[in-house]
Amino acid sequence: MNNLNPVVLLVPLSALILVVILYIRLLKKALNRGHFKLFIFILILFAVLFNFVWEMLQMPLYKGMGNNIQSAVFCALAAVADAIMISLLYLGFAFSYKKSFLDRRPAMETGIINNDYWWYRRYSAEMRHLSAGNWAYTESMPVLAFVAVGIVPVLQFMILPVVIFYVSLYLLNVVKDR
């Protein structure tokens, strides 16, 4: 954690720029702009919240992470970066499949929620940070032996995007029905 390089910000910043571009393009095509804006707001809110909780819970699995404000801030920044990537995941698939949350077919069926690529992105990001010395695991981190990457951070991007998408869709439908 102490060896963080400013270049680490390049990927989240590039992703944020792409999120803004895709958001603007999809907003123009949205059938109901108000619902689209609300969905994206809910998505980002829950992406930050769920990822922050996950990051805080996995903190003991990383060396140098303790119960202090510096670790909490680091987890908050990681949660924001994860939220940007989850937003990019949704917007990227919505743009490429030309479907949004308004499609009546289930999101899994339309391809909007597809973790095949994103679990790999999480794995490769984890490998990059480990090899750069940005962080290291404690002995209690379960590791995928053949690639030496922690299971917990990989599971984070296999589980949370799907949960966040469905929670966001559910809450949007609750709001729309009122």
# chains A, B, ... in the order shown; residues from 1 in each chain; ligands from 1
>>> closest_atom_pairs(of="range 19-75 of chain A", to="range 169-173 of chain A", cutoff="12 Å", atoms="only C-alpha atoms", output="Markdown table")
| residue | atom | partner | partner_atom | distance |
| --- | --- | --- | --- | --- |
| A:Gly34 | CA | A:Leu172 | CA | 10.7 |
| A:His35 | CA | A:Leu172 | CA | 7.4 |
| A:Phe36 | CA | A:Leu172 | CA | 9.2 |
| A:Lys37 | CA | A:Leu172 | CA | 10.3 |
| A:Leu38 | CA | A:Leu172 | CA | 7.2 |
| A:Phe39 | CA | A:Leu172 | CA | 6.0 |
| A:Ile40 | CA | A:Leu172 | CA | 9.7 |
| A:Phe41 | CA | A:Leu172 | CA | 10.0 |
| A:Ile42 | CA | A:Leu172 | CA | 7.8 |
| A:Leu43 | CA | A:Leu169 | CA | 8.4 |
| A:Leu45 | CA | A:Leu171 | CA | 11.8 |
| A:Phe46 | CA | A:Leu171 | CA | 10.6 |
>>> write_last_selection(atoms="C-alpha atoms", output="compact mmCIF listing (two decimals), in the first residue's frame")
# COMPACT_ATOMS: atom_id res chain seq x y z
CA GLY A 34 -35.39 10.42 -15.93
CA HIS A 35 -35.45 6.68 -15.28
CA PHE A 36 -32.09 6.24 -16.98
CA LYS A 37 -30.49 8.95 -14.82
CA LEU A 38 -32.05 7.46 -11.69
CA PHE A 39 -30.85 3.96 -12.60
CA ILE A 40 -27.27 5.16 -13.14
CA PHE A 41 -27.38 7.11 -9.87
CA ILE A 42 -28.61 4.04 -7.96
CA LEU A 43 -26.06 1.85 -9.73
CA LEU A 45 -24.39 4.61 -5.23
CA PHE A 46 -24.70 0.88 -4.57
>>> residues_around(residues="Pro12 in chain A", least_positions_apart="2", cutoff="8 Å", atoms="only C-alpha atoms", output="VMD selection string")
chain A and resid 8 to 10 14 to 16 81 84 to 85
>>> atom_distance(atom1="CA of Arg25 in chain A", atom2="CA of Ile44 in chain A")
17.6 Å
>>> closest_residue(among="A:Tyr137, A:Phe146, A:Gly64, A:Ala47", to="Ile86 in chain A", atoms="only C-alpha atoms")
A:Ala47
>>> closest_residue(among="A:Leu49, A:Tyr97, A:Pro6, A:Trp54", to="Ala83 in chain A", atoms="only C-alpha atoms")
A:Leu49
>>> closest_residue(among="A:Met56, A:Val80, A:Val48, A:Val73", to="Leu13 in chain A", atoms="only C-alpha atoms")
A:Val80
>>> residues_around(residues="Met59 in chain A", least_positions_apart="3", cutoff="10 Å", atoms="only C-alpha atoms", output="ChimeraX atom specification")
/A:53-56,62-67,71-72,75,137-138
>>> residues_around(residues="Val19 in chain A", least_positions_apart="2", cutoff="7 Å", atoms="only C-alpha atoms", output="list in words")
Ala15, Leu16, Ile17, Ile21, Leu22, Tyr23, Ser87, Leu88 and Leu91 of chain A
>>> write_last_selection(atoms="C-alpha atoms", output="compact mmCIF listing (two decimals), in the first residue's frame")
# COMPACT_ATOMS: atom_id res chain seq x y z
CA ALA A 15 -12.42 4.49 -17.38
CA LEU A 16 -14.16 7.53 -15.87
CA ILE A 17 -13.80 9.47 -19.11
CA ILE A 21 -18.88 9.52 -22.87
CA LEU A 22 -21.04 6.37 -22.84
CA TYR A 23 -23.45 7.89 -20.34
CA SER A 87 -20.49 1.64 -14.37
CA LEU A 88 -18.27 1.06 -17.38
CA LEU A 91 -22.68 1.21 -19.94
>>> atom_distance(atom1="CA of Phe157 in chain A", atom2="CA of Gln70 in chain A")
23.6 Å
